[in-house]
Amino acid sequence: MQRSTLLRGTAVTGAVAIALTLSSCAGSAAETAPSADLKIGSVDLSADCPSTVVIQTDWNPEAEHGHLYEMIKDDYTVDANTKSVTGPLMSDGEYTGVNLEIRAGGPAIGFQTVSAQMYQDDKITLGYVSTDEAIQLSSTTPTKAVFAPLDISPTMVMWDPATYPDVQKIQDIKPALEKNKGVWRYFDGSAYIEYLKSAGLASSDVLDGSYDGTPSNFVAAGGKDMQQGFASAEPYVYQNEVSAWGKPVKFALIHDAGWQTYQSSVSVKADKFDELSPCLSKLVPVLQKAGVAYYKDPKAANDLILKLVDEYATGWTYTQGVADYSVKTQKELGLVGDGPDSTYGNFDDSRFADFFTKASKVYTDLGTPPASGYTASDLYTNQFIDKSISF
């Protein structure tokens with residue numbers, strides 16, 4: 001079973017409706033008391049943060065979430081029933097005085113949006129909310145992003161280079177598919193598709209919204225069709241783990257076509273922002289440091305990620321090969337890093353404003369406009385970012 005990119009932050013109303021019909025198994029068994037036998041180090045979160053900082057992710061454990069698992073990689077307790085893991089929250093190897101609970105998303109929360117889950121469970125401190133989700137749901141479940149673990153979204157479209165040797169970028173795809181009578185298979189309801197259509201980069205005659213996250217249709221098409229995926233996973237999986245395909249694919253990032261969402265931004269509920277600000281001022285730099293440390297040496301955190309995938313047993317598979325490829329590819333493609341400046345984890349103001357304008361139009365056309373009066377600055381802040389922390 002392959003990862004459903006739609007259900008990791010690009011969903012629109014269809015996924016929300018589906019989610020309401022499914023039961024959620026999220027929620028901690030019990031809040032764990034901080035470790036009394038550990039000495040608090042140079043960062044003390046105990047006075048300003050919850051005794052257990054709960055972070056709701058948007059999918060099963062994977063390398064894109066490595067910065068979280070980096071903070072508890074050496075001391076943790078797994079709850080396979082609730083698909084969560086808890087341990088002392090560490091920074092630079094020192095205890096911070098609180099615990100960290102990391103919850104799986106996707107199948108673990110009935111495939112509903114992280115925003116919805118955050119509003120259903122007050123124990124959740126932070127959640128992974130992509131910019132497009134934050135814009136679309138700002139009038140119903142408003143959130144505010146405080147840290148960007150990924151600078152560029154891994155969402156991409158991939159193709160067979162033997163069938164389409166001249167395709168190099170998204171601008172080449174529409175004419176190539178029209179000529180070969182192929183289709184671009186994607187998750188129905190993906191907002192970026194509406195943007196590409198409005199920009200003239202895709203059209204109904206080459207689009208097929210029937211993608212279900214499995215490789216069967218792509219393989220059956222024998223290279224004629226193209227397909228949505230994650231650049232940090234599917235190219236490796238299709239070449240090395242889908243035996244019926246077993247050869248390279250090429251891809252282009254949706255980001256490069258202008259749909260520049262911040263994937264999996266660490267966010268708080270809008271109405272909790274002021275209350276959590278003292279905590280965030282200390283916690284966000286810890287998140288930044290953890291990300292830098294993870295990409296420098298991901299082995300221990302990846303060992304935990306693979307262990308959790310096995311114990312959670314949601315039906316999703318994730319191997320050492322995919323994890324290693326993901327870390328390497330994220331760095332090589334700039335999916336993770338300092339972006340255009342020298343700071344890891346911050347948001348680019350002009351990019352965010354541009355995306356807000358584009359996404360607002362798309363969602364308004366789809367019937368789910370952003371909250372009345374909202375501007376880009378209502379959806380994110382860099383005030384807690386330590387500008388000295390970089391790759």
# chains A, B, ... in the order shown; residues from 1 in each chain; ligands from 1
call {"tool": "residues_around", "arguments": {"residues": "stretch 169-179 of chain A", "least_positions_apart": "4", "cutoff": "6 Å", "atoms": "only C-alpha atoms", "output": "count of residues only"}}
result
3
call {"tool": "residues_around", "arguments": {"residues": "stretch 219-234 of chain A", "least_positions_apart": "6", "cutoff": "6 Å", "atoms": "only C-alpha atoms", "output": "PyMOL selection string"}}
result
chain A and resi 154-160+163+182-186+326+329
call {"tool": "residues_around", "arguments": {"residues": "A:Gly97", "least_positions_apart": "3", "cutoff": "9 Å", "atoms": "only C-alpha atoms", "output": "PyMOL selection string"}}
result
chain A and resi 34-36+38-41+43-47+51+88-90
call {"tool": "residues_around", "arguments": {"residues": "A:Thr319", "least_positions_apart": "4", "cutoff": "9 Å", "atoms": "only C-alpha atoms", "output": "list in words"}}
result
Leu306, Ala323 and Asp324 of chain A
call {"tool": "select_by_dssp", "arguments": {"residues": "stretch 169-247 of chain A", "states": "strand (DSSP E or B)", "output": "ChimeraX atom specification"}}
result
/A:184-185,187,207-208,210,226-230
call {"tool": "closest_atom_pairs", "arguments": {"of": "stretch 206-266 of chain A", "to": "stretch 370-388 of chain A", "cutoff": "12 Å", "atoms": "only C-alpha atoms", "output": "JSON lines"}}
result
{"residue": "A:Tyr262", "atom": "CA", "partner": "A:Tyr380", "partner_atom": "CA", "distance": 10.5}
{"residue": "A:Ser265", "atom": "CA", "partner": "A:Tyr380", "partner_atom": "CA", "distance": 9.2}
{"residue": "A:Val266", "atom": "CA", "partner": "A:Tyr380", "partner_atom": "CA", "distance": 9.8}
call {"tool": "closest_atom_pairs", "arguments": {"of": "stretch 254-286 of chain A", "to": "stretch 106-116 of chain A", "cutoff": "10 Å", "atoms": "only C-alpha atoms", "output": "Markdown table"}}
result
| residue | atom | partner | partner_atom | distance |
| --- | --- | --- | --- | --- |
| A:Ser264 | CA | A:Val114 | CA | 9.6 |
| A:Ser267 | CA | A:Ser115 | CA | 9.1 |
| A:Val268 | CA | A:Ser115 | CA | 9.1 |
| A:Lys269 | CA | A:Ser115 | CA | 8.0 |
call {"tool": "write_last_selection", "arguments": {"atoms": "N, CA and C atoms", "output": "PDB file, in the first residue's frame"}}
result
ATOM      1  N   SER A 264       3.233  20.144   5.566  1.00  0.00           N
ATOM      2  CA  SER A 264       3.385  19.660   6.951  1.00  0.00           C
ATOM      3  C   SER A 264       3.923  20.709   7.909  1.00  0.00           C
ATOM      4  N   SER A 267       1.902  23.580  13.344  1.00  0.00           N
ATOM      5  CA  SER A 267       0.924  24.648  13.571  1.00  0.00           C
ATOM      6  C   SER A 267       0.177  24.466  14.877  1.00  0.00           C
ATOM      7  N   VAL A 268      -0.407  25.560  15.350  1.00  0.00           N
ATOM      8  CA  VAL A 268      -1.260  25.532  16.538  1.00  0.00           C
ATOM      9  C   VAL A 268      -2.661  25.988  16.135  1.00  0.00           C
ATOM     10  N   LYS A 269      -3.642  25.651  16.955  1.00  0.00           N
ATOM     11  CA  LYS A 269      -4.979  26.201  16.744  1.00  0.00           C
ATOM     12  C   LYS A 269      -4.901  27.715  16.943  1.00  0.00           C
TER      13      LYS A 269
END
call {"tool": "closest_residue", "arguments": {"among": "A:Thr214, A:Ser153, A:Leu335, A:Asp166", "to": "A:Val237", "atoms": "only C-alpha atoms"}}
result
A:Thr214
call {"tool": "select_by_dssp", "arguments": {"residues": "stretch 125-343 of chain A", "states": "alpha helix (DSSP H)", "output": "VMD selection string"}}
result
chain A and resid 131 to 136 173 to 180 191 to 198 216 to 220 234 to 240 273 to 296 299 to 312 320 to 332
call {"tool": "write_last_selection", "arguments": {"atoms": "C-alpha atoms", "output": "PDB file, in the first residue's frame"}}
result
ATOM      1  CA  THR A 131      -0.516  25.860   3.826  1.00  0.00           C
ATOM      2  CA  ASP A 132      -3.245  24.909   1.375  1.00  0.00           C
ATOM      3  CA  GLU A 133      -5.180  23.082   4.099  1.00  0.00           C
ATOM      4  CA  ALA A 134      -4.762  26.069   6.432  1.00  0.00           C
ATOM      5  CA  ILE A 135      -6.169  28.442   3.813  1.00  0.00           C
ATOM      6  CA  GLN A 136      -9.080  26.215   2.849  1.00  0.00           C
ATOM      7  CA  ILE A 173       3.389  17.232 -19.828  1.00  0.00           C
ATOM      8  CA  LYS A 174       0.088  18.366 -21.340  1.00  0.00           C
ATOM      9  CA  PRO A 175       1.221  18.308 -24.994  1.00  0.00           C
ATOM     10  CA  ALA A 176       3.053  15.009 -24.484  1.00  0.00           C
ATOM     11  CA  LEU A 177      -0.002  13.295 -22.997  1.00  0.00           C
ATOM     12  CA  GLU A 178      -2.285  14.710 -25.675  1.00  0.00           C
ATOM     13  CA  LYS A 179      -0.003  13.363 -28.398  1.00  0.00           C
ATOM     14  CA  ASN A 180       0.274   9.903 -26.790  1.00  0.00           C
ATOM     15  CA  ALA A 191      -6.221  21.563  -5.149  1.00  0.00           C
ATOM     16  CA  TYR A 192      -2.987  21.924  -7.086  1.00  0.00           C
ATOM     17  CA  ILE A 193      -4.700  20.340 -10.099  1.00  0.00           C
ATOM     18  CA  GLU A 194      -7.222  23.179 -10.162  1.00  0.00           C
ATOM     19  CA  TYR A 195      -4.346  25.646 -10.092  1.00  0.00           C
ATOM     20  CA  LEU A 196      -2.563  23.886 -12.960  1.00  0.00           C
ATOM     21  CA  LYS A 197      -5.769  23.912 -15.003  1.00  0.00           C
ATOM     22  CA  SER A 198      -6.205  27.642 -14.431  1.00  0.00           C
ATOM     23  CA  SER A 216      -1.485  -1.066 -10.361  1.00  0.00           C
ATOM     24  CA  ASN A 217      -2.875   1.382 -12.934  1.00  0.00           C
ATOM     25  CA  PHE A 218       0.493   2.987 -13.609  1.00  0.00           C
ATOM     26  CA  VAL A 219       2.056  -0.414 -14.199  1.00  0.00           C
ATOM     27  CA  ALA A 220      -0.854  -1.623 -16.335  1.00  0.00           C
ATOM     28  CA  GLU A 234       7.918   6.796  -5.155  1.00  0.00           C
ATOM     29  CA  PRO A 235      10.918   7.017  -7.533  1.00  0.00           C
ATOM     30  CA  TYR A 236      12.805   4.622  -5.256  1.00  0.00           C
ATOM     31  CA  VAL A 237       9.787   2.428  -4.558  1.00  0.00           C
ATOM     32  CA  TYR A 238       8.830   1.960  -8.195  1.00  0.00           C
ATOM     33  CA  GLN A 239      12.354   1.115  -9.272  1.00  0.00           C
ATOM     34  CA  ASN A 240      13.284  -1.118  -6.352  1.00  0.00           C
ATOM     35  CA  PHE A 273      -1.744  30.889  19.826  1.00  0.00           C
ATOM     36  CA  ASP A 274      -1.493  33.522  22.576  1.00  0.00           C
ATOM     37  CA  GLU A 275      -1.706  30.917  25.333  1.00  0.00           C
ATOM     38  CA  LEU A 276       1.047  28.787  23.797  1.00  0.00           C
ATOM     39  CA  SER A 277       3.353  31.634  22.766  1.00  0.00           C
ATOM     40  CA  PRO A 278       5.605  31.429  25.880  1.00  0.00           C
ATOM     41  CA  CYS A 279       6.046  27.714  25.185  1.00  0.00           C
ATOM     42  CA  LEU A 280       6.616  28.223  21.453  1.00  0.00           C
ATOM     43  CA  SER A 281       9.329  30.804  22.029  1.00  0.00           C
ATOM     44  CA  LYS A 282      11.433  28.037  23.625  1.00  0.00           C
ATOM     45  CA  LEU A 283      10.098  24.997  21.774  1.00  0.00           C
ATOM     46  CA  VAL A 284      10.419  26.147  18.154  1.00  0.00           C
ATOM     47  CA  PRO A 285      14.233  26.545  18.320  1.00  0.00           C
ATOM     48  CA  VAL A 286      14.355  23.019  19.770  1.00  0.00           C
ATOM     49  CA  LEU A 287      12.424  21.789  16.738  1.00  0.00           C
ATOM     50  CA  GLN A 288      14.863  23.618  14.466  1.00  0.00           C
ATOM     51  CA  LYS A 289      17.887  22.042  16.154  1.00  0.00           C
ATOM     52  CA  ALA A 290      16.316  18.601  15.996  1.00  0.00           C
ATOM     53  CA  GLY A 291      15.828  18.932  12.244  1.00  0.00           C
ATOM     54  CA  VAL A 292      19.445  19.928  11.666  1.00  0.00           C
ATOM     55  CA  ALA A 293      20.640  17.042  13.857  1.00  0.00           C
ATOM     56  CA  TYR A 294      18.400  14.494  12.130  1.00  0.00           C
ATOM     57  CA  TYR A 295      19.605  15.262   8.616  1.00  0.00           C
ATOM     58  CA  LYS A 296      23.196  15.185   9.816  1.00  0.00           C
ATOM     59  CA  LYS A 299      20.184   6.509  11.688  1.00  0.00           C
ATOM     60  CA  ALA A 300      18.765   6.318  15.230  1.00  0.00           C
ATOM     61  CA  ALA A 301      15.592   8.241  14.397  1.00  0.00           C
ATOM     62  CA  ASN A 302      15.060   6.154  11.248  1.00  0.00           C
ATOM     63  CA  ASP A 303      15.467   2.969  13.290  1.00  0.00           C
ATOM     64  CA  LEU A 304      12.619   4.215  15.481  1.00  0.00           C
ATOM     65  CA  ILE A 305      10.516   5.187  12.441  1.00  0.00           C
ATOM     66  CA  LEU A 306      10.868   1.689  10.953  1.00  0.00           C
ATOM     67  CA  LYS A 307      10.067   0.095  14.300  1.00  0.00           C
ATOM     68  CA  LEU A 308       6.906   2.186  14.642  1.00  0.00           C
ATOM     69  CA  VAL A 309       5.693   1.406  11.116  1.00  0.00           C
ATOM     70  CA  ASP A 310       6.038  -2.279  11.948  1.00  0.00           C
ATOM     71  CA  GLU A 311       4.300  -2.032  15.330  1.00  0.00           C
ATOM     72  CA  TYR A 312       1.498   0.263  14.183  1.00  0.00           C
ATOM     73  CA  GLN A 320      15.156   1.043   5.176  1.00  0.00           C
ATOM     74  CA  GLY A 321      15.799   1.680   1.500  1.00  0.00           C
ATOM     75  CA  VAL A 322      12.945   4.181   1.231  1.00  0.00           C
ATOM     76  CA  ALA A 323      14.031   5.949   4.435  1.00  0.00           C
ATOM     77  CA  ASP A 324      17.630   6.280   3.224  1.00  0.00           C
ATOM     78  CA  TYR A 325      16.497   7.456  -0.208  1.00  0.00           C
ATOM     79  CA  SER A 326      14.120   9.970   1.344  1.00  0.00           C
ATOM     80  CA  VAL A 327      16.773  11.648   3.483  1.00  0.00           C
ATOM     81  CA  LYS A 328      19.211  11.798   0.571  1.00  0.00           C
ATOM     82  CA  THR A 329      16.618  13.120  -1.871  1.00  0.00           C
ATOM     83  CA  GLN A 330      15.179  15.699   0.511  1.00  0.00           C
ATOM     84  CA  LYS A 331      18.631  17.230   0.871  1.00  0.00           C
ATOM     85  CA  GLU A 332      19.594  16.962  -2.800  1.00  0.00           C
TER      86      GLU A 332
END
call {"tool": "closest_residue", "arguments": {"among": "A:Leu207, A:Glu94, A:Val336, A:Thr261", "to": "A:Asp74", "atoms": "only C-alpha atoms"}}
result
A:Glu94
call {"tool": "closest_residue", "arguments": {"among": "A:Pro340, A:Gly315, A:Pro248, A:Pro369", "to": "A:Pro161", "atoms": "only C-alpha atoms"}}
result
A:Pro248
call {"tool": "closest_atom_pairs", "arguments": {"of": "stretch 39-129 of chain A", "to": "stretch 139-151 of chain A", "cutoff": "12 Å", "atoms": "only C-alpha atoms", "output": "Markdown table"}}
result
| residue | atom | partner | partner_atom | distance |
| --- | --- | --- | --- | --- |
| A:Thr57 | CA | A:Pro149 | CA | 11.9 |
| A:Ala63 | CA | A:Leu150 | CA | 11.2 |
| A:Glu64 | CA | A:Leu150 | CA | 7.8 |
| A:His65 | CA | A:Pro149 | CA | 8.2 |
| A:Gly66 | CA | A:Pro149 | CA | 9.4 |
| A:His67 | CA | A:Pro149 | CA | 7.7 |
| A:Leu68 | CA | A:Pro149 | CA | 9.7 |
| A:Thr113 | CA | A:Thr141 | CA | 10.0 |
| A:Val114 | CA | A:Thr141 | CA | 9.7 |
| A:Ser115 | CA | A:Thr141 | CA | 6.0 |
| A:Ala116 | CA | A:Thr141 | CA | 6.4 |
| A:Gln117 | CA | A:Thr141 | CA | 9.5 |
| A:Met118 | CA | A:Thr141 | CA | 8.4 |
| A:Tyr119 | CA | A:Thr141 | CA | 6.8 |
| A:Gln120 | CA | A:Thr141 | CA | 10.0 |
| A:Thr125 | CA | A:Thr143 | CA | 11.5 |
| A:Leu126 | CA | A:Ala145 | CA | 9.2 |
| A:Gly127 | CA | A:Ala145 | CA | 9.0 |
| A:Tyr128 | CA | A:Ala145 | CA | 8.7 |
| A:Val129 | CA | A:Ala145 | CA | 7.5 |
call {"tool": "closest_residue", "arguments": {"among": "A:Thr96, A:Asp58, A:Ile102, A:Tyr344", "to": "A:Val78", "atoms": "only C-alpha atoms"}}
result
A:Ile102
call {"tool": "atom_distance", "arguments": {"atom1": "atom CA of A:Asp212", "atom2": "atom CA of A:Asn60"}}
result
16.8 Å
